[in-house]
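Structure file data_21.cif (mmCIF, C-alpha atoms and all ligand atoms) is printed below.
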data_final
loop_
_atom_site.label_atom_id
_atom_site.label_comp_id
_atom_site.auth_asym_id
_atom_site.auth_seq_id
_atom_site.Cartn_x
_atom_site.Cartn_y
_atom_site.Cartn_z
CA MET A 747 -79.87 -77.64 -52.06
CA VAL A 748 -76.88 -75.51 -52.99
CA GLU A 749 -77.13 -71.95 -51.78
CA ALA A 750 -77.38 -69.33 -54.58
CA LYS A 751 -74.30 -67.19 -55.15
CA HIS A 752 -74.41 -63.65 -53.86
CA LEU A 753 -74.07 -60.94 -56.57
CA LEU A 754 -73.49 -57.37 -55.41
CA ILE A 755 -74.35 -54.66 -57.97
CA VAL A 756 -72.97 -51.17 -57.30
CA ASP A 757 -73.82 -48.00 -59.22
CA ASP A 758 -74.72 -44.50 -58.09
CA GLU A 759 -77.18 -43.99 -60.95
CA LYS A 760 -80.58 -45.35 -60.01
CA VAL A 761 -81.61 -46.03 -63.61
CA ILE A 762 -78.57 -48.19 -64.22
CA LEU A 763 -79.20 -50.15 -61.02
CA ASP A 764 -82.77 -50.72 -62.21
CA ILE A 765 -81.64 -51.93 -65.65
CA LEU A 766 -79.09 -54.30 -64.13
CA ARG A 767 -81.59 -55.67 -61.62
CA THR A 768 -84.05 -56.31 -64.41
CA ILE A 769 -81.66 -58.19 -66.65
CA LEU A 770 -80.02 -60.16 -63.85
CA SER A 771 -82.98 -61.08 -61.68
CA PRO A 772 -83.89 -64.18 -63.77
CA GLU A 773 -80.42 -65.59 -62.96
CA PRO A 774 -80.11 -68.14 -60.13
CA LEU A 775 -78.34 -65.53 -58.00
CA ARG A 776 -79.10 -63.63 -54.84
CA LEU A 777 -78.90 -59.92 -55.72
CA THR A 778 -77.97 -57.01 -53.50
CA MET A 779 -78.01 -53.48 -54.86
CA ALA A 780 -75.81 -50.72 -53.48
CA ALA A 781 -75.87 -47.09 -54.57
CA SER A 782 -72.56 -45.98 -53.04
CA PHE A 783 -69.04 -47.11 -52.20
CA ALA A 784 -69.76 -46.93 -48.45
CA GLU A 785 -72.89 -49.04 -48.75
CA ALA A 786 -71.12 -51.60 -50.96
CA ARG A 787 -68.20 -51.86 -48.56
CA ARG A 788 -70.57 -52.56 -45.67
CA VAL A 789 -72.20 -55.38 -47.65
CA ILE A 790 -68.81 -56.94 -48.50
CA GLN A 791 -67.87 -56.85 -44.81
CA THR A 792 -71.11 -58.26 -43.45
CA ASP A 793 -72.55 -60.59 -46.08
CA PRO A 794 -69.96 -62.59 -48.07
CA VAL A 795 -70.10 -61.62 -51.75
CA ASN A 796 -69.23 -64.11 -54.52
CA LEU A 797 -69.68 -61.86 -57.57
CA LEU A 798 -69.35 -58.11 -57.86
CA LEU A 799 -70.58 -55.89 -60.69
CA THR A 800 -69.52 -52.35 -59.94
CA ASP A 801 -69.17 -48.95 -61.50
CA LYS A 802 -65.53 -47.93 -61.55
CA ASN A 803 -66.08 -44.30 -60.52
CA LEU A 804 -68.35 -43.88 -57.54
CA PRO A 805 -68.77 -40.43 -55.99
CA ASP A 806 -67.42 -41.59 -52.61
CA GLY A 807 -64.74 -44.07 -53.76
CA SER A 808 -63.27 -46.24 -56.45
CA GLY A 809 -64.83 -49.46 -57.75
CA LEU A 810 -61.30 -50.91 -57.96
CA ASP A 811 -60.92 -50.45 -54.18
CA LEU A 812 -64.10 -52.44 -53.73
CA VAL A 813 -62.55 -55.19 -55.86
CA ARG A 814 -59.46 -55.12 -53.66
CA GLN A 815 -61.59 -55.57 -50.53
CA LEU A 816 -63.63 -58.28 -52.17
CA LYS A 817 -60.53 -60.28 -53.16
CA ALA A 818 -59.01 -59.83 -49.72
CA ALA A 819 -62.14 -61.34 -48.18
CA ASP A 820 -62.34 -64.19 -50.72
CA PRO A 821 -59.58 -64.71 -53.31
CA ILE A 822 -61.84 -66.61 -55.67
CA ALA A 823 -64.62 -64.01 -55.75
CA GLU A 824 -65.00 -62.50 -59.26
CA ALA A 825 -65.55 -58.89 -60.26
CA ILE A 826 -66.75 -57.10 -63.41
CA ILE A 827 -66.14 -53.37 -63.78
CA ILE A 828 -68.51 -50.94 -65.48
CA THR A 829 -66.67 -47.95 -66.85
CA GLY A 830 -67.29 -44.96 -69.08
CA PHE A 831 -63.66 -44.15 -69.81
CA PRO A 832 -61.35 -47.11 -69.82
CA SER A 833 -57.84 -45.71 -69.26
CA LEU A 834 -54.50 -47.51 -69.41
CA ASP A 835 -53.99 -46.99 -65.66
CA SER A 836 -57.29 -48.47 -64.69
CA ALA A 837 -56.74 -51.35 -67.13
CA ILE A 838 -53.42 -52.12 -65.44
CA SER A 839 -54.97 -51.96 -61.95
CA ALA A 840 -57.76 -54.20 -63.16
CA ILE A 841 -55.28 -56.77 -64.42
CA GLU A 842 -53.35 -56.61 -61.15
CA LEU A 843 -56.55 -57.13 -59.24
CA ASP A 844 -57.54 -60.00 -61.51
CA VAL A 845 -60.80 -58.34 -62.56
CA TYR A 846 -62.76 -60.75 -64.70
CA ASP A 847 -63.99 -58.31 -67.37
CA TYR A 848 -65.09 -54.77 -68.35
CA VAL A 849 -68.48 -53.49 -69.43
CA PRO A 850 -68.38 -50.17 -71.29
CA LYS A 851 -70.88 -47.46 -70.45
CA PRO A 852 -73.30 -46.48 -71.96
CA PHE A 853 -74.46 -50.07 -72.43
CA ARG A 854 -74.61 -51.24 -76.03
CA ASP A 855 -76.05 -54.66 -75.39
CA VAL A 856 -77.45 -55.30 -71.92
CA PHE A 857 -77.52 -59.04 -72.54
CA GLU A 858 -73.80 -58.98 -72.96
CA ILE A 859 -73.63 -58.05 -69.25
CA ARG A 860 -75.68 -61.09 -68.38
CA ARG A 861 -73.36 -63.27 -70.44
CA LYS A 862 -70.31 -61.86 -68.70
CA VAL A 863 -71.82 -62.44 -65.26
CA ARG A 864 -72.59 -66.03 -66.21
CA GLN A 865 -69.06 -66.57 -67.51
CA ALA A 866 -67.55 -65.07 -64.35
CA SER A 867 -69.74 -67.38 -62.31
CA SER A 868 -68.62 -70.44 -64.33
CA LYS A 869 -65.00 -69.48 -63.91
CA GLN A 870 -65.60 -69.24 -60.20
CA ASP A 871 -67.19 -72.70 -60.20
CA ILE A 872 -63.96 -74.07 -61.65
CA SER A 873 -61.93 -72.31 -58.96
CA LEU A 874 -64.27 -73.65 -56.31
CA GLU A 875 -63.94 -77.15 -57.69
CA ASN A 876 -60.14 -76.76 -57.72
CA ARG A 877 -60.20 -75.53 -54.16
CA ARG A 878 -62.33 -78.50 -53.15
CA LEU A 879 -60.05 -80.95 -54.97
CA LEU A 880 -57.00 -79.38 -53.37
CA GLN A 881 -58.58 -79.70 -49.95
CA GLU A 882 -59.48 -83.30 -50.69
CA LEU A 883 -55.91 -83.95 -51.82
CA LYS A 884 -54.56 -82.37 -48.63
CA GLU A 885 -56.84 -84.53 -46.51
CA LYS A 886 -55.88 -87.68 -48.43
CA ASN A 887 -52.24 -86.76 -48.09
CA MET A 888 -52.62 -86.33 -44.36
CA ALA A 889 -54.41 -89.66 -44.10
CA LEU A 890 -51.61 -91.30 -46.12
CA GLU A 891 -48.94 -89.74 -43.96
CA ALA A 892 -50.72 -90.96 -40.85
CA ALA A 893 -51.00 -94.45 -42.34
CA LEU A 894 -47.33 -94.41 -43.27
CA ALA A 895 -46.31 -93.39 -39.76
CA GLU A 896 -48.49 -96.14 -38.35
CA THR A 897 -47.02 -98.73 -40.71
CA GLN A 898 -43.51 -97.67 -39.83
CA ALA A 899 -44.27 -97.93 -36.13
CA LEU A 900 -45.80 -101.36 -36.71
CA GLN A 901 -42.77 -102.48 -38.70
CA ALA A 902 -40.44 -101.37 -35.93
CA GLU A 903 -42.58 -103.31 -33.49
CA LEU A 904 -42.53 -106.39 -35.73
CA ILE A 905 -38.77 -106.24 -36.10
CA GLN A 906 -38.48 -106.08 -32.36
CA SER A 907 -40.89 -108.95 -31.76
CA GLU A 908 -39.22 -111.01 -34.48
CA LYS A 909 -35.94 -110.53 -32.69
CA LEU A 910 -37.56 -111.68 -29.50
CA ALA A 911 -38.97 -114.73 -31.30
CA GLY A 912 -35.46 -115.45 -32.59
CA ILE A 913 -34.17 -115.25 -29.08
CA GLY A 914 -36.76 -117.80 -28.02
CA THR A 915 -35.17 -120.30 -30.37
CA LEU A 916 -31.72 -119.38 -29.21
CA ALA A 917 -32.63 -119.40 -25.55
CA ALA A 918 -32.46 -123.19 -25.26
CA GLY A 919 -28.96 -123.18 -26.70
CA ILE A 920 -27.88 -120.33 -24.51
CA ALA A 921 -29.19 -122.02 -21.39
CA HIS A 922 -27.17 -125.04 -22.43
CA GLU A 923 -24.13 -122.86 -23.06
CA ILE A 924 -24.37 -121.18 -19.69
CA SER A 925 -24.98 -124.41 -17.84
CA SER A 926 -21.51 -125.81 -18.52
CA PRO A 927 -19.44 -122.87 -17.18
CA LEU A 928 -21.92 -122.68 -14.32
CA PHE A 929 -21.28 -126.33 -13.60
CA GLY A 930 -17.55 -125.49 -13.63
CA VAL A 931 -18.05 -122.62 -11.18
CA MET A 932 -19.92 -124.86 -8.77
CA GLY A 933 -17.33 -127.64 -9.00
CA MET A 934 -14.43 -125.24 -8.40
CA ALA A 935 -16.21 -123.49 -5.53
CA GLU A 936 -16.81 -126.86 -3.82
CA ALA A 937 -13.17 -127.81 -4.40
CA ILE A 938 -11.98 -124.54 -2.81
CA ALA A 939 -14.13 -125.19 0.22
CA GLU A 940 -12.28 -128.49 0.80
CA GLU A 941 -8.79 -127.31 -0.23
CA ASP A 942 -6.09 -126.44 2.29
CA ASP A 943 -3.35 -125.80 -0.23
CA LEU A 944 -3.48 -122.07 -0.93
CA PRO A 945 -1.79 -122.03 -4.40
CA LEU A 946 -4.16 -124.78 -5.55
CA ALA A 947 -7.18 -122.93 -4.20
CA GLN A 948 -6.00 -119.78 -6.00
CA GLY A 949 -5.79 -121.76 -9.26
CA TYR A 950 -9.42 -122.90 -8.77
CA ALA A 951 -10.43 -119.30 -8.11
CA ARG A 952 -8.83 -118.19 -11.39
CA ASP A 953 -10.81 -120.90 -13.18
CA ILE A 954 -13.98 -119.53 -11.60
CA VAL A 955 -13.14 -116.06 -12.91
CA GLU A 956 -12.63 -117.51 -16.41
CA TYR A 957 -15.98 -119.39 -16.30
CA CYS A 958 -17.70 -116.23 -15.14
CA ARG A 959 -16.19 -114.31 -18.07
CA GLN A 960 -17.66 -116.83 -20.47
CA ILE A 961 -21.07 -116.44 -18.90
CA ARG A 962 -20.80 -112.65 -19.05
CA ASP A 963 -19.90 -112.76 -22.77
CA ILE A 964 -22.93 -114.88 -23.54
CA VAL A 965 -25.19 -112.48 -21.66
CA VAL A 966 -23.64 -109.41 -23.33
CA GLU A 967 -24.13 -110.88 -26.79
CA LEU A 968 -27.72 -111.74 -26.09
CA SER A 969 -28.56 -108.30 -24.73
CA SER A 970 -26.94 -106.53 -27.68
CA TYR A 971 -28.95 -108.71 -30.06
CA SER A 972 -32.27 -107.92 -28.48
CA ARG A 973 -31.76 -104.18 -28.09
CA SER A 974 -33.85 -102.04 -30.44
CA SER A 975 -31.55 -100.67 -33.11
CA ALA A 976 -33.52 -97.50 -33.88
CA HIS A 977 -31.29 -95.45 -31.61
CA GLU A 978 -28.03 -97.02 -32.65
CA TYR A 979 -25.84 -94.96 -34.95
CA LEU A 980 -24.39 -96.04 -38.26
CA THR A 981 -20.84 -97.22 -37.81
CA THR A 982 -18.21 -98.95 -39.86
CA VAL A 983 -18.92 -102.61 -39.32
CA GLU A 984 -16.36 -105.34 -39.93
CA LEU A 985 -18.14 -108.08 -41.83
CA SER A 986 -16.07 -110.99 -40.54
CA LYS A 987 -16.81 -109.93 -36.98
CA VAL A 988 -20.53 -109.51 -37.38
CA VAL A 989 -20.82 -112.80 -39.33
CA ALA A 990 -18.77 -114.62 -36.67
CA ASP A 991 -21.00 -113.22 -33.92
CA ALA A 992 -24.14 -114.21 -35.81
CA LEU A 993 -22.75 -117.69 -36.41
CA LYS A 994 -21.97 -118.10 -32.73
CA LEU A 995 -25.47 -117.06 -31.77
CA VAL A 996 -27.03 -119.55 -34.18
CA GLU A 997 -24.66 -122.40 -33.29
CA ARG A 998 -25.67 -122.09 -29.67
CA SER A 999 -29.13 -123.06 -30.68
CA ALA A 1000 -28.87 -126.77 -29.94
CA VAL A 1001 -31.96 -127.68 -31.97
CA LEU A 1002 -30.01 -127.67 -35.26
CA GLY A 1003 -28.21 -131.00 -34.88
CA PRO A 1004 -24.64 -131.64 -36.01
CA VAL A 1005 -24.57 -129.07 -38.81
CA ALA A 1006 -21.07 -128.04 -39.97
CA PHE A 1007 -20.90 -124.25 -40.15
CA THR A 1008 -17.99 -122.91 -42.22
CA MET A 1009 -17.12 -119.27 -42.51
CA GLN A 1010 -14.86 -117.87 -45.22
CA VAL A 1011 -14.98 -114.15 -44.87
CA GLU A 1012 -11.89 -112.08 -45.58
CA THR A 1013 -10.99 -109.59 -42.92
CA GLY A 1014 -10.99 -105.94 -43.92
CA LEU A 1015 -14.48 -105.93 -45.49
CA TYR A 1016 -16.52 -103.08 -44.09
CA LEU A 1017 -20.10 -101.90 -44.36
CA HIS A 1018 -21.48 -98.63 -43.12
CA ALA A 1019 -24.45 -99.79 -41.09
CA ARG A 1020 -25.91 -100.50 -37.69
CA THR A 1021 -24.23 -103.53 -36.18
CA ASN A 1022 -27.45 -104.89 -34.72
CA GLU A 1023 -29.25 -104.74 -38.04
CA LEU A 1024 -26.50 -106.58 -39.87
CA GLN A 1025 -26.35 -109.13 -37.11
CA GLN A 1026 -30.06 -109.66 -37.52
CA VAL A 1027 -29.61 -110.19 -41.26
CA PHE A 1028 -26.97 -112.88 -40.78
CA VAL A 1029 -28.67 -114.54 -37.82
CA ASN A 1030 -31.80 -114.94 -39.91
CA LEU A 1031 -30.02 -116.23 -43.02
CA ILE A 1032 -27.75 -118.62 -41.11
CA LYS A 1033 -30.58 -119.81 -38.90
CA ASN A 1034 -32.74 -120.51 -41.96
CA ALA A 1035 -29.87 -122.40 -43.58
CA GLY A 1036 -29.27 -124.41 -40.41
CA GLU A 1037 -32.96 -125.20 -40.09
CA ALA A 1038 -33.13 -126.22 -43.76
CA VAL A 1039 -30.15 -128.55 -43.40
CA TYR A 1040 -31.57 -130.02 -40.22
CA GLU A 1041 -34.73 -130.76 -42.16
CA THR A 1042 -32.72 -132.89 -44.61
CA PHE A 1043 -30.11 -134.47 -42.32
CA GLY A 1044 -31.73 -134.40 -38.89
CA ASP A 1045 -29.28 -135.90 -36.39
CA GLN A 1046 -27.13 -137.43 -39.14
CA ASP A 1047 -23.82 -135.87 -40.16
CA GLY A 1048 -23.44 -134.26 -43.58
CA GLY A 1049 -25.34 -131.01 -43.18
CA GLN A 1050 -23.31 -127.99 -44.24
CA VAL A 1051 -23.72 -124.25 -44.11
CA PHE A 1052 -21.13 -121.95 -45.71
CA VAL A 1053 -20.88 -118.24 -45.22
CA GLU A 1054 -18.55 -116.55 -47.70
CA ALA A 1055 -17.90 -112.92 -48.48
CA GLY A 1056 -15.72 -110.89 -50.76
CA ARG A 1057 -15.56 -107.69 -52.69
CA ASN A 1058 -15.06 -106.53 -56.27
CA ASP A 1059 -14.82 -103.05 -57.76
CA ASN A 1060 -18.53 -102.42 -57.55
CA TYR A 1061 -19.93 -104.26 -54.61
CA THR A 1062 -19.33 -106.27 -51.47
CA TRP A 1063 -21.02 -109.66 -51.60
CA ILE A 1064 -21.97 -112.19 -48.95
CA ARG A 1065 -23.30 -115.67 -49.67
CA VAL A 1066 -25.03 -118.00 -47.25
CA ARG A 1067 -25.11 -121.45 -48.83
CA ASP A 1068 -26.53 -124.73 -47.55
CA ASN A 1069 -27.10 -128.29 -48.74
CA GLY A 1070 -30.63 -128.48 -47.41
CA PRO A 1071 -33.81 -129.34 -49.34
CA GLY A 1072 -33.75 -126.23 -51.57
CA ILE A 1073 -36.70 -124.02 -52.42
CA PRO A 1074 -38.93 -124.96 -55.37
CA GLU A 1075 -38.72 -122.35 -58.12
CA GLU A 1076 -42.36 -121.27 -57.89
CA LYS A 1077 -41.93 -120.59 -54.15
CA GLN A 1078 -38.77 -118.53 -54.46
CA ARG A 1079 -40.52 -115.24 -55.04
CA LEU A 1080 -42.67 -115.81 -51.94
CA VAL A 1081 -39.93 -116.26 -49.38
CA PHE A 1082 -39.48 -112.51 -48.80
CA ASP A 1083 -43.19 -111.95 -48.18
CA PRO A 1084 -44.09 -111.29 -44.57
CA PHE A 1085 -45.63 -114.33 -42.83
CA TYR A 1086 -44.67 -116.76 -45.60
CA THR A 1087 -43.43 -119.85 -43.79
CA THR A 1088 -43.34 -123.57 -44.43
CA LYS A 1089 -42.43 -124.27 -40.84
CA ALA A 1090 -44.74 -125.93 -38.36
CA PRO A 1091 -47.01 -123.62 -36.35
CA GLY A 1092 -45.05 -122.13 -33.48
CA LYS A 1093 -41.73 -122.87 -35.22
CA GLY A 1094 -41.53 -119.92 -37.62
CA THR A 1095 -43.25 -116.58 -37.98
CA GLY A 1096 -42.29 -116.13 -41.66
CA LEU A 1097 -40.92 -112.68 -40.87
CA GLY A 1098 -37.22 -113.50 -40.95
CA LEU A 1099 -36.52 -113.00 -44.64
CA ASN A 1100 -38.89 -110.06 -44.90
CA ILE A 1101 -36.91 -108.29 -42.22
CA VAL A 1102 -33.66 -109.28 -43.93
CA TRP A 1103 -34.94 -107.86 -47.20
CA ARG A 1104 -36.04 -104.61 -45.59
CA ILE A 1105 -32.73 -104.05 -43.84
CA VAL A 1106 -30.69 -104.94 -46.93
CA THR A 1107 -32.63 -102.63 -49.25
CA ARG A 1108 -32.41 -99.83 -46.71
CA TYR A 1109 -28.65 -100.01 -47.16
CA ARG A 1110 -29.09 -99.92 -50.96
CA GLY A 1111 -28.23 -103.60 -51.13
CA THR A 1112 -29.86 -106.43 -53.05
CA ILE A 1113 -30.70 -109.99 -52.03
CA GLN A 1114 -31.16 -112.90 -54.38
CA VAL A 1115 -31.97 -116.52 -53.87
CA GLN A 1116 -30.63 -119.35 -56.03
CA SER A 1117 -31.94 -122.77 -55.41
CA LYS A 1118 -32.85 -126.02 -57.05
CA ASP A 1119 -35.28 -128.36 -55.45
CA GLY A 1120 -33.23 -130.94 -53.55
CA GLN A 1121 -29.89 -129.28 -54.15
CA GLY A 1122 -29.50 -126.69 -51.46
CA THR A 1123 -29.96 -122.96 -51.42
CA THR A 1124 -27.77 -119.88 -51.75
CA PHE A 1125 -28.77 -116.43 -50.60
CA GLU A 1126 -26.53 -113.72 -52.01
CA LEU A 1127 -26.38 -110.16 -50.72
CA ARG A 1128 -24.69 -107.32 -52.57
CA PHE A 1129 -23.92 -103.90 -51.18
CA PRO A 1130 -22.62 -101.16 -53.46
CA VAL A 1131 -19.07 -100.05 -52.75
CA ASP A 1132 -18.88 -96.30 -52.09
CA LYS A 1133 -16.35 -94.76 -54.42
N1 LIG A 1201 -32.03 -121.79 -46.72
C1 LIG A 1201 -33.29 -122.13 -46.98
N2 LIG A 1201 -33.58 -123.35 -47.53
C2 LIG A 1201 -34.84 -123.72 -47.79
N3 LIG A 1201 -35.91 -122.93 -47.54
C3 LIG A 1201 -35.71 -121.74 -47.01
C4 LIG A 1201 -34.40 -121.26 -46.70
N4 LIG A 1201 -34.52 -120.03 -46.19
C5 LIG A 1201 -35.83 -119.74 -46.18
N5 LIG A 1201 -36.56 -120.76 -46.66
C6 LIG A 1201 -38.01 -120.79 -46.84
O1 LIG A 1201 -38.52 -119.50 -46.71
C7 LIG A 1201 -39.53 -119.43 -45.69
C8 LIG A 1201 -39.52 -118.07 -45.08
O2 LIG A 1201 -38.33 -117.86 -44.33
P1 LIG A 1201 -38.36 -116.80 -43.17
O3 LIG A 1201 -37.01 -116.74 -42.56
O4 LIG A 1201 -38.93 -115.54 -43.69
O5 LIG A 1201 -39.41 -117.37 -42.16
P2 LIG A 1201 -39.29 -118.69 -41.26
O6 LIG A 1201 -37.88 -119.13 -41.18
O7 LIG A 1201 -40.29 -119.65 -41.74
O8 LIG A 1201 -39.74 -118.15 -39.86
P3 LIG A 1201 -38.83 -117.30 -38.83
O9 LIG A 1201 -37.67 -116.76 -39.57
O10 LIG A 1201 -39.75 -116.25 -38.34
O11 LIG A 1201 -38.42 -118.26 -37.77
C9 LIG A 1201 -39.17 -120.59 -44.77
O12 LIG A 1201 -40.30 -121.03 -44.04
C10 LIG A 1201 -38.68 -121.64 -45.77
O13 LIG A 1201 -39.77 -122.28 -46.38
MG MG A 1202 -36.32 -117.73 -40.72
#

Could you write out this file's structure as structure tokens?
Amino acid sequence: MVEAKHLLIVDDEKVILDILRTILSPEPLRLTMAASFAEARRVIQTDPVNLLLTDKNLPDGSGLDLVRQLKAADPIAEAIIITGFPSLDSAISAIELDVYDYVPKPFRDVFEIRRKVRQASSKQDISLENRRLLQELKEKNMALEAALAETQALQAELIQSEKLAGIGTLAAGIAHEISSPLFGVMGMAEAIAEEDDLPLAQGYARDIVEYCRQIRDIVVELSSYSRSSAHEYLTTVELSKVVADALKLVERSAVLGPVAFTMQVETGLYLHARTNELQQVFVNLIKNAGEAVYETFGDQDGGQVFVEAGRNDNYTWIRVRDNGPGIPEEKQRLVFDPFYTTKAPGKGTGLGLNIVWRIVTRYRGTIQVQSKDGQGTTFELRFPVDK
């Protein structure tokens, strides 16, 4: 059951207090009567008051001061002032204090007082409801903010794990890549051990250094790809460089068969971005294209992947084009959804294009797919040119 509101009635004339008690006692309110300012103030301090009906001029203080104390304790409490001589000053104070209404003394119609108390109470109900709604809104907002933070953290985690999954695919190729310079190092080291001719041995040693450099480059590229990019700063990224790096990373993945990768990217095209994120975009698009082509051509020749880029007055564009199986029209709008994959279990997570889409849109770019079933696919990215 809802607790009744507390109405405090203050007047120094006993007969008036009696009249007010009589007309207000049928109301669903808890009444407290006070015959002086001091008594009323004690009530306000000790027993929270929702509604106040007070004489303006009390022998030991002003009714308006009581209103001030009431509103300080509870801003949505309501007050009605009883006054014999409404003056301009007191009217102004009453407005400033947000007094609900006046009742002139002597009373003309006692039931009018009851009506005014009821109206003040209804107004307060609305304020209470507003306060409750506001609180509810605040709580919902907080819950939403928490959910957003959680989603963002989850996304960051997914991006990271997707990168790691990508590395899994590349790892085989990289192992293959490292094994040939390593083989060279071993061969040269064995040759040095047998060699008496110093200049020849020095030549072998130089070869070893060169093989080691190759291995180091492979390792450096891999570690820069897997690093989380959240802490990396935006820089001016040369497109041809980042595309070439991405292409190299994908080509090393030996599982793609004899696909011909062609890159036609002018030099001098720049994007303001994080290198790692752009590299992720191109690795995913080129890897998808390579995988699509491999699906059609397998170990036969003929598979092609083109990466082209250019710029016009409004935007920088990049296209990744392949002659793989294409994407049926009704599936095209699904490819950017997280976890949408047509690849065999364990082969694809379906996160690649979703991550691409998220990175591209973060840089105010767009991504579109054009494809006809059986006739290859083109993904086109556009980034606005800052003017
Ligand atoms: N170039 C393309 N040609 C044909 N289909 C494609 C191409 N690129 C993407 N797709 C389709 O879109 C789906 C989603 O691609 P996405 O990169 O998001 O995930 P995935 O490649 O399946 O898995 P992951 O990228 O995690 O290895 C693919 O499974 C494939 O069906
Ligand atoms: Mg993919």

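Based on only C-alpha atoms and all ligand atoms, the protein and nucleic acid residues found within 6 Å of ligand LIG 1201 (chain A) are, by chain and then by number, Asn1034, Ala1035, Ala1038, Gly1070, Pro1071, Gly1072, Ile1073, Val1081, Phe1082, Tyr1086, Thr1087, Thr1088, Lys1089, Gly1094, Thr1095, Gly1096, Leu1097, Gly1098, Leu1099, Asn1100 and Thr1123 of chain A.
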
Quick one: write out the picked residues with C-alpha atoms as a CSV table (one decimal), keeping the file's coordinate frame?
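Below is the file that was written, part_30.csv:
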chain,number,residue,atom,x,y,z
A,1034,ASN,CA,-32.7,-120.5,-42.0
A,1035,ALA,CA,-29.9,-122.4,-43.6
A,1038,ALA,CA,-33.1,-126.2,-43.8
A,1070,GLY,CA,-30.6,-128.5,-47.4
A,1071,PRO,CA,-33.8,-129.3,-49.3
A,1072,GLY,CA,-33.8,-126.2,-51.6
A,1073,ILE,CA,-36.7,-124.0,-52.4
A,1081,VAL,CA,-39.9,-116.3,-49.4
A,1082,PHE,CA,-39.5,-112.5,-48.8
A,1086,TYR,CA,-44.7,-116.8,-45.6
A,1087,THR,CA,-43.4,-119.8,-43.8
A,1088,THR,CA,-43.3,-123.6,-44.4
A,1089,LYS,CA,-42.4,-124.3,-40.8
A,1094,GLY,CA,-41.5,-119.9,-37.6
A,1095,THR,CA,-43.2,-116.6,-38.0
A,1096,GLY,CA,-42.3,-116.1,-41.7
A,1097,LEU,CA,-40.9,-112.7,-40.9
A,1098,GLY,CA,-37.2,-113.5,-41.0
A,1099,LEU,CA,-36.5,-113.0,-44.6
A,1100,ASN,CA,-38.9,-110.1,-44.9
A,1123,THR,CA,-30.0,-123.0,-51.4

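For the choices A:Asn1030, A:Lys862, A:Ala992, A:Val1066, the atom-to-atom distance to Gln1010 in chain A is smallest for A:Val1066 when using only C-alpha atoms.
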
List as a PyMOL selection string the residues having at least one atom at most 8 Å from position (-12.3, -113.5, -39.1) as given in the file, counting all atoms listed in the file. chain A and resi 986-987+990+1010-1013

Skip Gly807 in chain A itself and residues of its chain fewer than 5 positions away, then list as a PDB file with C-alpha atoms, keeping the file's coordinate frame all residues within 12 Å of it, counting all atoms listed in the file.
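File produced: part-v5.pdb:
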ATOM      1  CA  VAL A 756     -72.970 -51.170 -57.300  1.00  0.00           C
ATOM      2  CA  ASP A 757     -73.820 -48.000 -59.220  1.00  0.00           C
ATOM      3  CA  ASP A 758     -74.720 -44.500 -58.090  1.00  0.00           C
ATOM      4  CA  ALA A 781     -75.870 -47.090 -54.570  1.00  0.00           C
ATOM      5  CA  SER A 782     -72.560 -45.980 -53.040  1.00  0.00           C
ATOM      6  CA  PHE A 783     -69.040 -47.110 -52.200  1.00  0.00           C
ATOM      7  CA  ALA A 784     -69.760 -46.930 -48.450  1.00  0.00           C
ATOM      8  CA  GLU A 785     -72.890 -49.040 -48.750  1.00  0.00           C
ATOM      9  CA  ALA A 786     -71.120 -51.600 -50.960  1.00  0.00           C
ATOM     10  CA  ARG A 787     -68.200 -51.860 -48.560  1.00  0.00           C
ATOM     11  CA  THR A 800     -69.520 -52.350 -59.940  1.00  0.00           C
ATOM     12  CA  ASP A 801     -69.170 -48.950 -61.500  1.00  0.00           C
ATOM     13  CA  LYS A 802     -65.530 -47.930 -61.550  1.00  0.00           C
ATOM     14  CA  LEU A 812     -64.100 -52.440 -53.730  1.00  0.00           C
ATOM     15  CA  VAL A 813     -62.550 -55.190 -55.860  1.00  0.00           C
TER      16      VAL A 813
END

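Coordinates place CA of Ile905 in chain A at a distance of 12.6 Å from CA of Phe1085 in chain A.
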
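When all atoms listed in the file are used to compute distances to Gly1003 in chain A, the closest of the residues A:Ala1055, A:Val1039, A:Ile765, A:Val955 turns out to be A:Val1039.
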
List as a short mmCIF file (atom, residue, chain, number, x, y, z; two decimals) with C-alpha atoms, in the coordinates of the input: which residues have an atom within 12 Å of (-62.3, -61.7, -46.9), counting only C-alpha atoms?
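Just written: result27.cif:
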data_model
loop_
_atom_site.label_atom_id
_atom_site.label_comp_id
_atom_site.auth_asym_id
_atom_site.auth_seq_id
_atom_site.Cartn_x
_atom_site.Cartn_y
_atom_site.Cartn_z
CA ARG A 787 -68.20 -51.86 -48.56
CA VAL A 789 -72.20 -55.38 -47.65
CA ILE A 790 -68.81 -56.94 -48.50
CA GLN A 791 -67.87 -56.85 -44.81
CA THR A 792 -71.11 -58.26 -43.45
CA ASP A 793 -72.55 -60.59 -46.08
CA PRO A 794 -69.96 -62.59 -48.07
CA VAL A 795 -70.10 -61.62 -51.75
CA ASN A 796 -69.23 -64.11 -54.52
CA LEU A 812 -64.10 -52.44 -53.73
CA VAL A 813 -62.55 -55.19 -55.86
CA ARG A 814 -59.46 -55.12 -53.66
CA GLN A 815 -61.59 -55.57 -50.53
CA LEU A 816 -63.63 -58.28 -52.17
CA LYS A 817 -60.53 -60.28 -53.16
CA ALA A 818 -59.01 -59.83 -49.72
CA ALA A 819 -62.14 -61.34 -48.18
CA ASP A 820 -62.34 -64.19 -50.72
CA PRO A 821 -59.58 -64.71 -53.31
CA ILE A 822 -61.84 -66.61 -55.67
CA ALA A 823 -64.62 -64.01 -55.75
#
